[in-house]
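Below: protein-v8.cif (mmCIF, C-alpha atoms and all ligand atoms)
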```cif
data_input
loop_
_atom_site.label_atom_id
_atom_site.label_comp_id
_atom_site.auth_asym_id
_atom_site.auth_seq_id
_atom_site.Cartn_x
_atom_site.Cartn_y
_atom_site.Cartn_z
CA MET A 866 40.79 18.88 78.32
CA ARG A 867 37.90 20.35 76.42
CA GLY A 868 37.30 23.83 77.76
CA PRO A 869 33.87 25.18 78.58
CA ASP A 870 34.16 27.87 75.91
CA VAL A 871 34.59 25.66 72.85
CA PRO A 872 32.73 27.55 70.14
CA VAL A 873 29.46 26.32 68.77
CA GLU A 874 30.94 26.24 65.26
CA LEU A 875 32.92 23.19 66.21
CA VAL A 876 29.75 21.33 67.07
CA ARG A 877 28.67 21.74 63.48
CA ALA A 878 32.09 20.60 62.30
CA ARG A 879 31.84 17.56 64.53
CA SER A 880 28.37 16.50 63.61
CA GLY A 881 28.66 17.16 59.86
CA PRO A 882 27.72 17.49 57.12
CA VAL A 883 30.01 20.44 57.08
CA SER A 884 29.96 23.34 54.73
CA ASN A 885 33.34 23.88 53.16
CA SER A 886 34.65 26.62 55.38
CA THR A 887 38.17 26.26 54.05
CA VAL A 888 39.48 29.78 53.88
CA THR A 889 39.68 31.00 50.31
CA GLY A 890 39.96 34.48 48.95
CA LYS A 891 40.92 36.04 52.24
CA THR A 892 43.92 35.92 54.45
CA ALA A 893 43.32 34.27 57.80
CA THR A 894 45.48 35.05 60.78
CA SER A 895 46.31 32.54 63.44
CA TRP A 896 46.71 32.83 67.18
CA THR A 897 49.79 30.65 66.73
CA GLY A 898 51.55 33.73 65.31
CA VAL A 899 52.56 31.97 62.10
CA ALA A 900 53.53 34.56 59.46
CA ALA A 901 51.02 35.11 56.66
CA ASN A 902 53.67 34.31 54.04
CA HIS A 903 55.04 31.16 55.72
CA PRO A 904 54.93 28.20 53.29
CA PHE A 905 53.29 26.18 56.07
CA GLY A 906 50.86 28.95 56.98
CA VAL A 907 47.21 28.41 57.80
CA HIS A 908 46.32 27.86 54.14
CA THR A 909 48.58 24.81 53.83
CA LEU A 910 47.99 22.56 56.88
CA PRO A 911 49.89 19.45 55.77
CA TYR A 912 49.63 16.16 57.64
CA GLY A 913 52.54 14.05 58.88
CA VAL A 914 53.53 11.53 61.51
CA PHE A 915 56.12 12.25 64.19
CA THR A 916 57.65 11.23 67.46
CA ASP A 917 59.51 13.36 69.98
CA ALA A 918 61.16 12.95 73.34
CA ALA A 919 57.80 12.99 75.13
CA ARG A 920 55.94 10.89 72.57
CA GLU A 921 57.44 7.49 71.81
CA GLN A 922 54.33 6.31 70.00
CA PRO A 923 54.00 7.91 66.57
CA ARG A 924 51.47 10.75 66.43
CA VAL A 925 49.63 12.39 63.59
CA GLY A 926 50.63 16.03 63.34
CA VAL A 927 49.74 19.10 61.33
CA ALA A 928 52.48 21.58 60.47
CA VAL A 929 51.74 25.19 61.37
CA GLY A 930 54.69 27.41 60.54
CA ASP A 931 57.69 26.05 62.40
CA ALA A 932 55.53 24.12 64.85
CA ILE A 933 53.58 20.87 64.78
CA LEU A 934 50.13 20.49 66.26
CA ASP A 935 49.77 17.08 67.90
CA LEU A 936 46.57 16.15 66.09
CA THR A 937 46.26 12.84 67.91
CA ALA A 938 45.99 14.74 71.18
CA ALA A 939 43.95 17.60 69.71
CA ALA A 940 41.39 15.17 68.31
CA ALA A 941 41.13 13.49 71.71
CA ALA A 942 40.23 16.86 73.16
CA LEU A 943 38.06 18.29 70.40
CA LEU A 944 36.94 15.50 68.07
CA PRO A 945 36.66 12.43 70.29
CA GLU A 946 34.34 10.62 67.87
CA HIS A 947 37.04 10.94 65.19
CA LEU A 948 39.82 9.63 67.42
CA THR A 949 40.27 6.50 65.33
CA LEU A 950 41.30 8.67 62.38
CA PHE A 951 44.36 9.90 64.27
CA GLY A 952 45.17 7.15 66.75
CA SER A 953 47.02 4.60 64.62
CA GLY A 954 50.35 6.39 64.23
CA THR A 955 49.88 6.67 60.45
CA LEU A 956 47.71 8.69 58.10
CA ASP A 957 46.15 5.47 56.78
CA PRO A 958 42.72 5.79 58.50
CA LEU A 959 42.41 9.45 57.46
CA LEU A 960 43.36 8.56 53.88
CA ALA A 961 40.74 5.81 53.79
CA ALA A 962 38.01 8.02 55.24
CA GLY A 963 37.27 9.81 51.97
CA ARG A 964 36.70 13.25 50.56
CA ARG A 965 33.86 14.34 52.85
CA THR A 966 35.88 13.60 55.98
CA TRP A 967 39.04 15.19 54.52
CA THR A 968 37.10 18.39 53.91
CA ALA A 969 35.48 18.34 57.36
CA VAL A 970 38.77 17.76 59.18
CA ARG A 971 40.50 20.52 57.24
CA ALA A 972 37.63 22.88 57.98
CA ALA A 973 37.87 22.06 61.69
CA LEU A 974 41.64 22.57 61.69
CA THR A 975 41.29 25.91 59.93
CA GLU A 976 38.77 26.97 62.54
CA TRP A 977 40.87 25.78 65.48
CA LEU A 978 43.99 27.54 64.30
CA THR A 979 42.38 30.85 63.33
CA ASP A 980 39.94 31.33 66.21
CA ASP A 981 41.48 32.66 69.42
CA ARG A 982 39.02 30.71 71.54
CA TYR A 983 40.90 27.49 70.79
CA ALA A 984 44.29 28.81 71.86
CA ASP A 985 44.04 27.67 75.48
CA VAL A 986 43.23 24.09 74.49
CA LEU A 987 45.60 23.78 71.56
CA ALA A 988 48.65 25.90 72.43
CA PRO A 989 49.97 23.22 74.81
CA LEU A 990 49.74 20.71 71.95
CA LEU A 991 52.12 22.66 69.68
CA ILE A 992 55.71 21.49 69.63
CA PRO A 993 58.68 22.95 67.72
CA ALA A 994 59.22 21.10 64.45
CA THR A 995 62.92 20.92 65.27
CA ALA A 996 62.10 18.73 68.27
CA ALA A 997 60.25 16.15 66.19
CA ALA A 998 61.47 13.11 64.26
CA MET A 999 59.35 12.66 61.17
CA ARG A 1000 58.30 9.21 60.04
CA LEU A 1001 56.99 7.72 56.82
CA PRO A 1002 53.50 9.25 56.99
CA PHE A 1003 51.43 6.43 55.47
CA THR A 1004 51.77 2.80 54.49
CA VAL A 1005 52.83 2.87 50.86
CA ALA A 1006 50.67 0.32 49.08
CA ASP A 1007 51.76 0.28 45.43
CA TYR A 1008 54.13 2.74 43.82
CA VAL A 1009 54.06 3.83 40.19
CA ASP A 1010 56.35 6.36 38.57
CA PHE A 1011 55.19 8.17 35.45
CA TYR A 1012 57.19 9.97 32.75
CA SER A 1013 54.86 12.84 32.00
CA CYS A 1014 57.16 15.80 31.38
CA GLU A 1015 57.70 16.41 27.67
CA GLN A 1016 60.91 18.38 28.18
CA HIS A 1017 62.42 15.65 30.36
CA ALA A 1018 61.36 12.85 28.02
CA THR A 1019 62.78 14.80 25.08
CA ASN A 1020 66.09 15.44 26.85
CA VAL A 1021 66.42 11.79 27.85
CA GLY A 1022 65.55 10.63 24.34
CA GLN A 1023 68.22 12.90 22.85
CA ILE A 1024 70.78 11.71 25.40
CA LEU A 1025 70.14 7.96 25.22
CA ARG A 1026 68.83 7.53 21.66
CA PRO A 1027 70.35 10.37 19.63
CA ASP A 1028 69.72 8.57 16.33
CA GLN A 1029 65.98 8.18 16.92
CA PRO A 1030 63.02 10.53 17.46
CA ALA A 1031 63.32 11.94 21.00
CA LEU A 1032 59.78 10.95 22.00
CA PRO A 1033 58.60 7.34 21.55
CA ALA A 1034 55.60 6.93 19.21
CA ASN A 1035 53.20 6.32 22.12
CA TRP A 1036 54.29 9.23 24.30
CA ARG A 1037 51.60 11.76 23.30
CA HIS A 1038 48.89 9.09 23.39
CA LEU A 1039 49.30 7.76 26.93
CA PRO A 1040 51.03 8.67 30.21
CA ALA A 1041 53.93 6.21 30.23
CA GLY A 1042 54.99 4.78 33.58
CA TYR A 1043 56.56 1.83 35.35
CA HIS A 1044 55.76 -0.04 38.53
CA GLY A 1045 58.26 0.90 41.22
CA ARG A 1046 59.05 -0.68 44.56
CA ALA A 1047 56.74 0.40 47.40
CA GLY A 1048 58.87 -1.31 50.04
CA THR A 1049 61.84 0.96 49.41
CA VAL A 1050 59.93 4.24 49.57
CA VAL A 1051 61.56 6.02 52.52
CA VAL A 1052 60.93 9.25 54.38
CA SER A 1053 63.08 12.33 53.85
CA GLY A 1054 66.33 12.18 55.80
CA THR A 1055 66.81 8.43 55.42
CA PRO A 1056 70.42 7.71 54.33
CA ILE A 1057 70.79 6.68 50.69
CA TYR A 1058 73.41 4.00 50.11
CA ARG A 1059 75.11 3.95 46.75
CA PRO A 1060 73.70 0.83 45.09
CA PRO A 1061 75.89 -1.85 43.58
CA GLY A 1062 74.74 -3.36 40.33
CA GLN A 1063 75.55 -4.95 37.04
CA ARG A 1064 76.60 -2.68 34.21
CA ARG A 1065 78.55 -2.62 30.98
CA LEU A 1066 81.71 -0.56 30.66
CA PRO A 1067 82.48 1.31 27.42
CA ASP A 1068 84.91 -1.47 26.38
CA GLY A 1069 82.11 -4.04 26.70
CA THR A 1070 83.25 -5.59 29.99
CA ILE A 1071 80.35 -6.60 32.26
CA ILE A 1072 80.96 -5.83 35.94
CA PHE A 1073 79.12 -5.76 39.27
CA ALA A 1074 80.20 -2.71 41.26
CA PRO A 1075 78.85 0.34 43.09
CA SER A 1076 77.12 2.72 40.71
CA SER A 1077 79.31 5.54 39.46
CA ALA A 1078 76.37 7.45 37.99
CA LEU A 1079 74.02 8.02 40.93
CA ASP A 1080 71.40 10.67 40.24
CA PHE A 1081 68.29 12.35 41.63
CA GLU A 1082 64.95 12.98 39.93
CA ALA A 1083 62.83 15.91 41.13
CA GLU A 1084 59.17 14.85 41.12
CA VAL A 1085 55.79 15.43 42.73
CA GLY A 1086 53.95 12.45 44.25
CA PHE A 1087 50.21 11.89 44.58
CA VAL A 1088 48.75 9.86 47.44
CA VAL A 1089 45.60 7.81 46.88
CA GLY A 1090 43.17 8.01 49.78
CA ALA A 1091 39.83 6.49 48.88
CA PRO A 1092 40.18 4.19 45.87
CA PRO A 1093 37.42 3.59 43.34
CA VAL A 1094 35.43 0.40 43.72
CA SER A 1095 37.79 -2.42 42.83
CA GLY A 1096 38.01 -2.91 39.11
CA ARG A 1097 36.30 0.38 38.27
CA PRO A 1098 38.31 3.03 36.47
CA ALA A 1099 38.78 6.46 38.06
CA PRO A 1100 37.67 8.98 35.43
CA VAL A 1101 39.56 12.27 35.17
CA THR A 1102 36.51 13.99 36.66
CA ASP A 1103 36.72 11.87 39.86
CA PHE A 1104 40.32 12.66 40.72
CA ALA A 1105 39.60 14.71 43.86
CA ASN A 1106 37.39 11.98 45.29
CA HIS A 1107 40.26 9.51 45.23
CA VAL A 1108 43.47 11.46 45.75
CA PHE A 1109 44.12 12.86 49.20
CA GLY A 1110 47.19 14.96 48.59
CA LEU A 1111 50.70 15.57 47.36
CA CYS A 1112 54.26 15.11 48.51
CA MET A 1113 57.71 15.78 47.13
CA VAL A 1114 59.54 12.81 45.62
CA ASN A 1115 63.18 12.08 44.82
CA ASP A 1116 63.32 9.07 42.49
CA TRP A 1117 66.99 8.18 43.07
CA SER A 1118 68.40 6.58 39.92
CA ALA A 1119 71.63 4.73 39.12
CA ARG A 1120 72.08 5.70 35.47
CA ASP A 1121 74.77 3.12 34.66
CA ILE A 1122 72.71 0.24 36.06
CA GLN A 1123 69.59 1.63 34.36
CA ALA A 1124 71.29 2.06 30.96
CA TRP A 1125 72.34 -1.62 30.86
CA GLU A 1126 69.09 -3.15 32.15
CA TYR A 1127 66.28 -0.96 30.80
CA LEU A 1128 65.79 -2.77 27.50
CA PRO A 1129 63.45 -4.53 26.99
CA LEU A 1130 61.28 -4.10 30.11
CA GLY A 1131 62.18 -0.70 31.56
CA PRO A 1132 63.68 0.50 34.86
CA PHE A 1133 64.33 -2.18 37.49
CA LEU A 1134 67.27 -2.30 39.92
CA GLY A 1135 68.58 1.06 38.77
CA LYS A 1136 65.70 2.70 40.63
CA SER A 1137 64.32 0.19 43.14
CA PHE A 1138 67.00 0.70 45.82
CA ALA A 1139 65.38 3.86 47.25
CA THR A 1140 62.72 6.48 46.58
CA SER A 1141 62.50 9.33 49.08
CA ILE A 1142 59.33 11.26 49.90
CA SER A 1143 58.75 14.37 52.00
CA PRO A 1144 57.28 13.78 55.47
CA TRP A 1145 54.36 16.17 54.96
CA VAL A 1146 51.38 15.30 52.77
CA ILE A 1147 49.77 18.46 51.41
CA PRO A 1148 45.98 18.12 51.08
CA LEU A 1149 44.66 18.57 47.57
CA ASP A 1150 42.37 21.29 48.95
CA ALA A 1151 45.43 23.44 49.73
CA LEU A 1152 46.23 23.61 46.00
CA ALA A 1153 42.95 25.22 44.92
CA SER A 1154 44.67 28.49 43.95
CA ALA A 1155 47.42 26.65 42.08
CA ARG A 1156 45.17 24.88 39.59
CA ILE A 1157 45.77 25.89 35.98
CA GLN A 1158 45.04 24.62 32.51
CA PRO A 1159 47.56 22.02 31.41
CA PRO A 1160 49.36 22.67 28.11
CA PRO A 1161 47.46 21.88 24.88
CA ARG A 1162 47.67 18.24 23.78
CA ASN A 1163 48.26 17.24 20.21
CA PRO A 1164 46.82 14.82 19.24
CA CYS A 1165 43.68 15.02 21.35
CA PRO A 1166 43.83 12.07 23.78
CA LEU A 1167 41.32 9.22 23.62
CA PRO A 1168 38.05 9.91 25.48
CA TYR A 1169 39.11 8.23 28.75
CA LEU A 1170 42.10 10.63 28.92
CA ASP A 1171 40.39 13.69 27.49
CA ASP A 1172 40.25 16.38 30.18
CA SER A 1173 39.30 19.26 27.91
CA ARG A 1174 35.83 19.51 29.44
CA ALA A 1175 36.86 18.60 33.00
CA GLU A 1176 38.05 20.90 35.76
CA PRO A 1177 41.76 21.41 35.06
CA TRP A 1178 44.39 19.61 37.10
CA GLY A 1179 47.46 21.41 35.88
CA LEU A 1180 49.26 22.70 38.97
CA ASN A 1181 51.42 25.81 39.16
CA ILE A 1182 54.08 24.35 41.42
CA THR A 1183 57.72 25.44 41.27
CA LEU A 1184 60.32 22.95 42.45
CA GLU A 1185 63.80 23.83 43.70
CA VAL A 1186 66.66 21.36 43.72
CA ARG A 1187 69.67 21.96 45.95
CA LEU A 1188 72.86 19.97 45.94
CA ASN A 1189 74.81 20.56 49.16
CA ASP A 1190 72.65 23.67 49.69
CA HIS A 1191 73.62 25.05 46.26
CA LEU A 1192 70.56 25.80 44.10
CA VAL A 1193 71.05 23.82 40.88
CA SER A 1194 67.59 23.88 39.30
CA ARG A 1195 64.07 25.32 39.50
CA PRO A 1196 61.84 22.89 37.57
CA PRO A 1197 58.35 24.21 36.71
CA PHE A 1198 55.55 21.69 37.26
CA ALA A 1199 53.06 23.89 35.36
CA GLY A 1200 54.21 22.57 31.99
CA MET A 1201 53.60 18.87 32.71
CA TYR A 1202 51.98 17.32 29.64
CA TRP A 1203 49.89 14.71 31.48
CA THR A 1204 48.11 15.65 34.73
CA ALA A 1205 47.81 13.44 37.79
CA ALA A 1206 44.09 13.07 36.99
CA GLN A 1207 44.98 11.58 33.62
CA GLN A 1208 47.67 9.41 35.20
CA LEU A 1209 45.15 7.92 37.66
CA ALA A 1210 42.58 7.45 34.88
CA HIS A 1211 45.16 5.63 32.77
CA LEU A 1212 46.44 3.58 35.70
CA THR A 1213 42.94 2.25 36.41
CA SER A 1214 41.68 2.04 32.81
CA ASN A 1215 42.37 -1.70 32.49
CA GLY A 1216 40.59 -2.71 35.69
CA ALA A 1217 43.71 -2.57 37.87
CA CYS A 1218 42.72 -1.74 41.42
CA VAL A 1219 44.39 0.97 43.44
CA ARG A 1220 44.44 0.98 47.22
CA THR A 1221 44.60 3.43 50.09
CA GLY A 1222 48.24 4.48 50.30
CA ASP A 1223 49.05 4.00 46.63
CA LEU A 1224 51.66 6.51 45.57
CA PHE A 1225 52.14 7.64 42.03
CA ALA A 1226 54.78 10.14 41.01
CA SER A 1227 54.76 12.60 38.13
CA GLY A 1228 58.02 11.73 36.48
CA THR A 1229 61.02 14.01 36.50
CA VAL A 1230 60.02 17.65 36.13
CA SER A 1231 62.11 19.72 33.71
CA GLY A 1232 61.51 23.08 32.06
CA PRO A 1233 62.88 24.39 28.77
CA ALA A 1234 65.93 26.17 30.25
CA PRO A 1235 68.96 24.15 31.46
CA ASN A 1236 68.61 25.65 34.95
CA GLN A 1237 65.12 24.08 35.05
CA TRP A 1238 66.20 20.49 34.47
CA GLY A 1239 65.29 18.02 37.21
CA SER A 1240 68.10 15.45 37.04
CA LEU A 1241 71.89 15.35 36.78
CA LEU A 1242 71.47 13.12 33.72
CA GLU A 1243 70.18 16.24 32.00
CA LEU A 1244 72.21 18.87 33.89
CA SER A 1245 75.49 17.09 33.00
CA TRP A 1246 74.12 15.74 29.70
CA ASN A 1247 74.95 12.19 30.79
CA GLY A 1248 78.32 13.12 32.24
CA SER A 1249 79.58 15.01 29.20
CA SER A 1250 79.71 18.22 31.20
CA SER A 1251 79.81 19.05 34.87
CA LEU A 1252 78.08 21.34 37.29
CA ALA A 1253 80.16 23.86 39.26
CA LEU A 1254 79.16 24.13 42.90
CA THR A 1255 79.88 27.16 45.05
CA ASP A 1256 82.53 25.30 47.05
CA GLY A 1257 84.67 25.03 43.92
CA THR A 1258 83.95 21.36 43.28
CA THR A 1259 82.16 20.01 40.22
CA ARG A 1260 79.67 17.17 39.69
CA SER A 1261 78.49 15.07 36.79
CA PHE A 1262 76.77 12.60 39.13
CA LEU A 1263 76.44 12.38 42.91
CA ALA A 1264 79.46 11.88 45.17
CA ASP A 1265 79.40 10.13 48.55
CA GLY A 1266 78.45 12.68 51.17
CA ASP A 1267 76.36 14.77 48.76
CA GLU A 1268 73.01 15.89 50.09
CA VAL A 1269 70.10 16.56 47.74
CA SER A 1270 67.10 18.67 48.76
CA ILE A 1271 63.97 19.12 46.67
CA THR A 1272 61.31 21.61 47.73
CA GLY A 1273 58.15 22.92 46.15
CA THR A 1274 55.93 25.97 46.42
CA ALA A 1275 52.65 27.01 44.83
CA PRO A 1276 50.45 30.10 44.92
CA GLY A 1277 47.89 30.12 47.72
CA PRO A 1278 44.85 32.32 48.38
CA ALA A 1279 45.27 36.10 48.69
CA GLY A 1280 48.92 36.16 47.71
CA SER A 1281 49.98 33.51 50.21
CA THR A 1282 52.40 30.70 49.42
CA ILE A 1283 51.60 27.02 49.79
CA GLY A 1284 54.72 25.04 50.69
CA LEU A 1285 54.97 21.46 49.52
CA GLY A 1286 57.71 20.74 52.02
CA GLU A 1287 61.09 19.20 51.41
CA VAL A 1288 62.51 15.81 50.55
CA ARG A 1289 66.14 15.50 51.55
CA GLY A 1290 68.63 12.67 51.38
CA GLN A 1291 72.36 12.19 51.77
CA VAL A 1292 74.41 9.74 49.71
CA HIS A 1293 76.56 7.27 51.64
CA ALA A 1294 79.12 4.78 50.46
CA LEU A 1295 77.87 1.22 50.53
CA VAL A 1296 79.05 -0.35 53.77
CA HIS A 1297 78.25 -4.05 53.36
CA ALA A 1298 79.61 -4.76 49.87
MN MN B 1 61.33 9.01 37.96
#
```
Would you put the structure from the file into structure tokens?
Amino acid sequence: MRGPDVPVELVRARSGPVSNSTVTGKTATSWTGVAANHPFGVHTLPYGVFTDAAREQPRVGVAVGDAILDLTAAAAALLPEHLTLFGSGTLDPLLAAGRRTWTAVRAALTEWLTDDRYADVLAPLLIPATAAAMRLPFTVADYVDFYSCEQHATNVGQILRPDQPALPANWRHLPAGYHGRAGTVVVSGTPIYRPPGQRRLPDGTIIFAPSSALDFEAEVGFVVGAPPVSGRPAPVTDFANHVFGLCMVNDWSARDIQAWEYLPLGPFLGKSFATSISPWVIPLDALASARIQPPPRNPCPLPYLDDSRAEPWGLNITLEVRLNDHLVSRPPFAGMYWTAAQQLAHLTSNGACVRTGDLFASGTVSGPAPNQWGSLLELSWNGSSSLALTDGTTRSFLADGDEVSITGTAPGPAGSTIGLGEVRGQVHALVHA
């Protein structure tokens, strides 16, 4: 398939080492015709795994506008020595390959999609995204969920423990988190069944019944690619060598089950029934223009968490939460107190190993204004108020049939927008209870 006119630049990209030719500071155009302001334009280039009518075996794909480039086939044509990276039907081999390969592959993709000379080879390998079924893009190894948004933690403290300080004593000293359930991380679009569980009614009766307080949590997830040597911590300065990219996360939560079980050991069955992630993993390199200083920390964190002299990993991402296509919130990620670099440093500080495919999520993202809150727990103040939707109905928590969509965008180079994709899920009544 490789044409006779494949440019010489590719040879350099294939034989590496490769200079970082990722386009920054200028707007590249693409022979694919993707609009310059498309969230999946040539500055984003997220990776996913798909099947379609002609491809029963899962393929690695790259989103370009409203199309998907079959990267498994493109690599066979243009990067045959890297075929193993894209031939397994998951992103796992690419994740494990490490920073140098991630940069080289992204540079090659940028070249392929912005240089007309590749159009003849690659145009036949573009399929409409609407024709593809997206799959869980990587094997989720371990899953940790943090709690790193000060506004969210403050809201939750005021709701659940109104007679105590809103933030626990440790909150400004360490990024709090809990170990979630990797096996129930599902790809966007997977049906969400209302979980049954044990809970206590206001009159003290203990029952086992479907949750009546099902909620979403709008979060950003980070995907570990190349872990540090087992037992070694990952310092805040090494973040980009270990983390491959980002995805959108909905940490579905049954508030009534959670409220009864969470003392003394934290969230358990109230969250383990499902966690949805977006099908597209956005490479860290696509967020270069979105990096900002995180908010000031007081007190100054201990040295292993101190990022004041490191490159900043605050990220200027804006989330949007829609309930049945009605925009209910726009949580700002920029204000997150603890960065993902600090989360990974903390997670590994005791010698705990992380593995390729580990997923850790930010914690619910909430801003200061009520229309920036990232959960119904906050938006309805634990059911004490309700949200009016445009169809005339109201919600305190999710009803069967409700569909939740969480999207994210960030500034890209030269005024472009980097899309973080969408995680979507519809609530269904439990069928086997
Ligand atoms: Mn969460």
Output the neighbourhood of ligand MN 1 (chain B) as a VMD selection string, that is, all protein and nucleic acid residues with some atom at most 6 Å from the ligand, counting all atoms listed in the file. chain A and resid 1010 1082 1116 1228 to 1229
From the options A:Asn1247, A:Ser1281, A:Ser1231, A:Ser1077, which residue's atoms come nearest to Glu1015 (chain A), counting all atoms listed in the file?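 Between A:Asn1247, A:Ser1281, A:Ser1231, A:Ser1077, the residue approaching Glu1015 (chain A) most closely is A:Ser1231.
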Can you tell me, as a list in words, what residues are no more than 8 Å from Thr1282 (chain A) when counting all atoms listed in the file, ignoring any on the same chain fewer than 2 positions away? Asn902, His903, Pro904, Gly906, Thr1274, Ala1275, Pro1276, Gly1277, Pro1278, Gly1280 and Gly1284 of chain A
From A:Leu910, A:Ala972, A:Thr1204, A:Ile1142, residue lying nearest Ala1041 (chain A) [only C-alpha atoms]: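 Closest candidate: A:Thr1204.
CA of Pro1164 (chain A) is found 23.3 Å from CA of Arg1026 (chain A).
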Polymer residues at most 10 Å from (81.4, -10.0, 39.4) by only C-alpha atoms, as a ChimeraX atom specification: /A:1062-1063,1071-1074
Within 9 Å of (43.5, 10.5, 69.2), in the coordinates the file gives, what residues turn up when you count only C-alpha atoms, written out as a PyMOL selection string? chain A and resi 924-925+936-942+944-945+947-953
List the neighbours of Gln922 (chain A) out to 12 Å using all atoms listed in the file; skip same-chain residues closer than 3 positions along the sequence, and give me the result as a list in words. Val914, Phe915, Thr916, Asp917, Ala918, Ala919, Val925, Asp935, Thr937, Ala938, Gly952, Ser953, Gly954, Thr955, Ala998, Met999 and Arg1000 of chain A
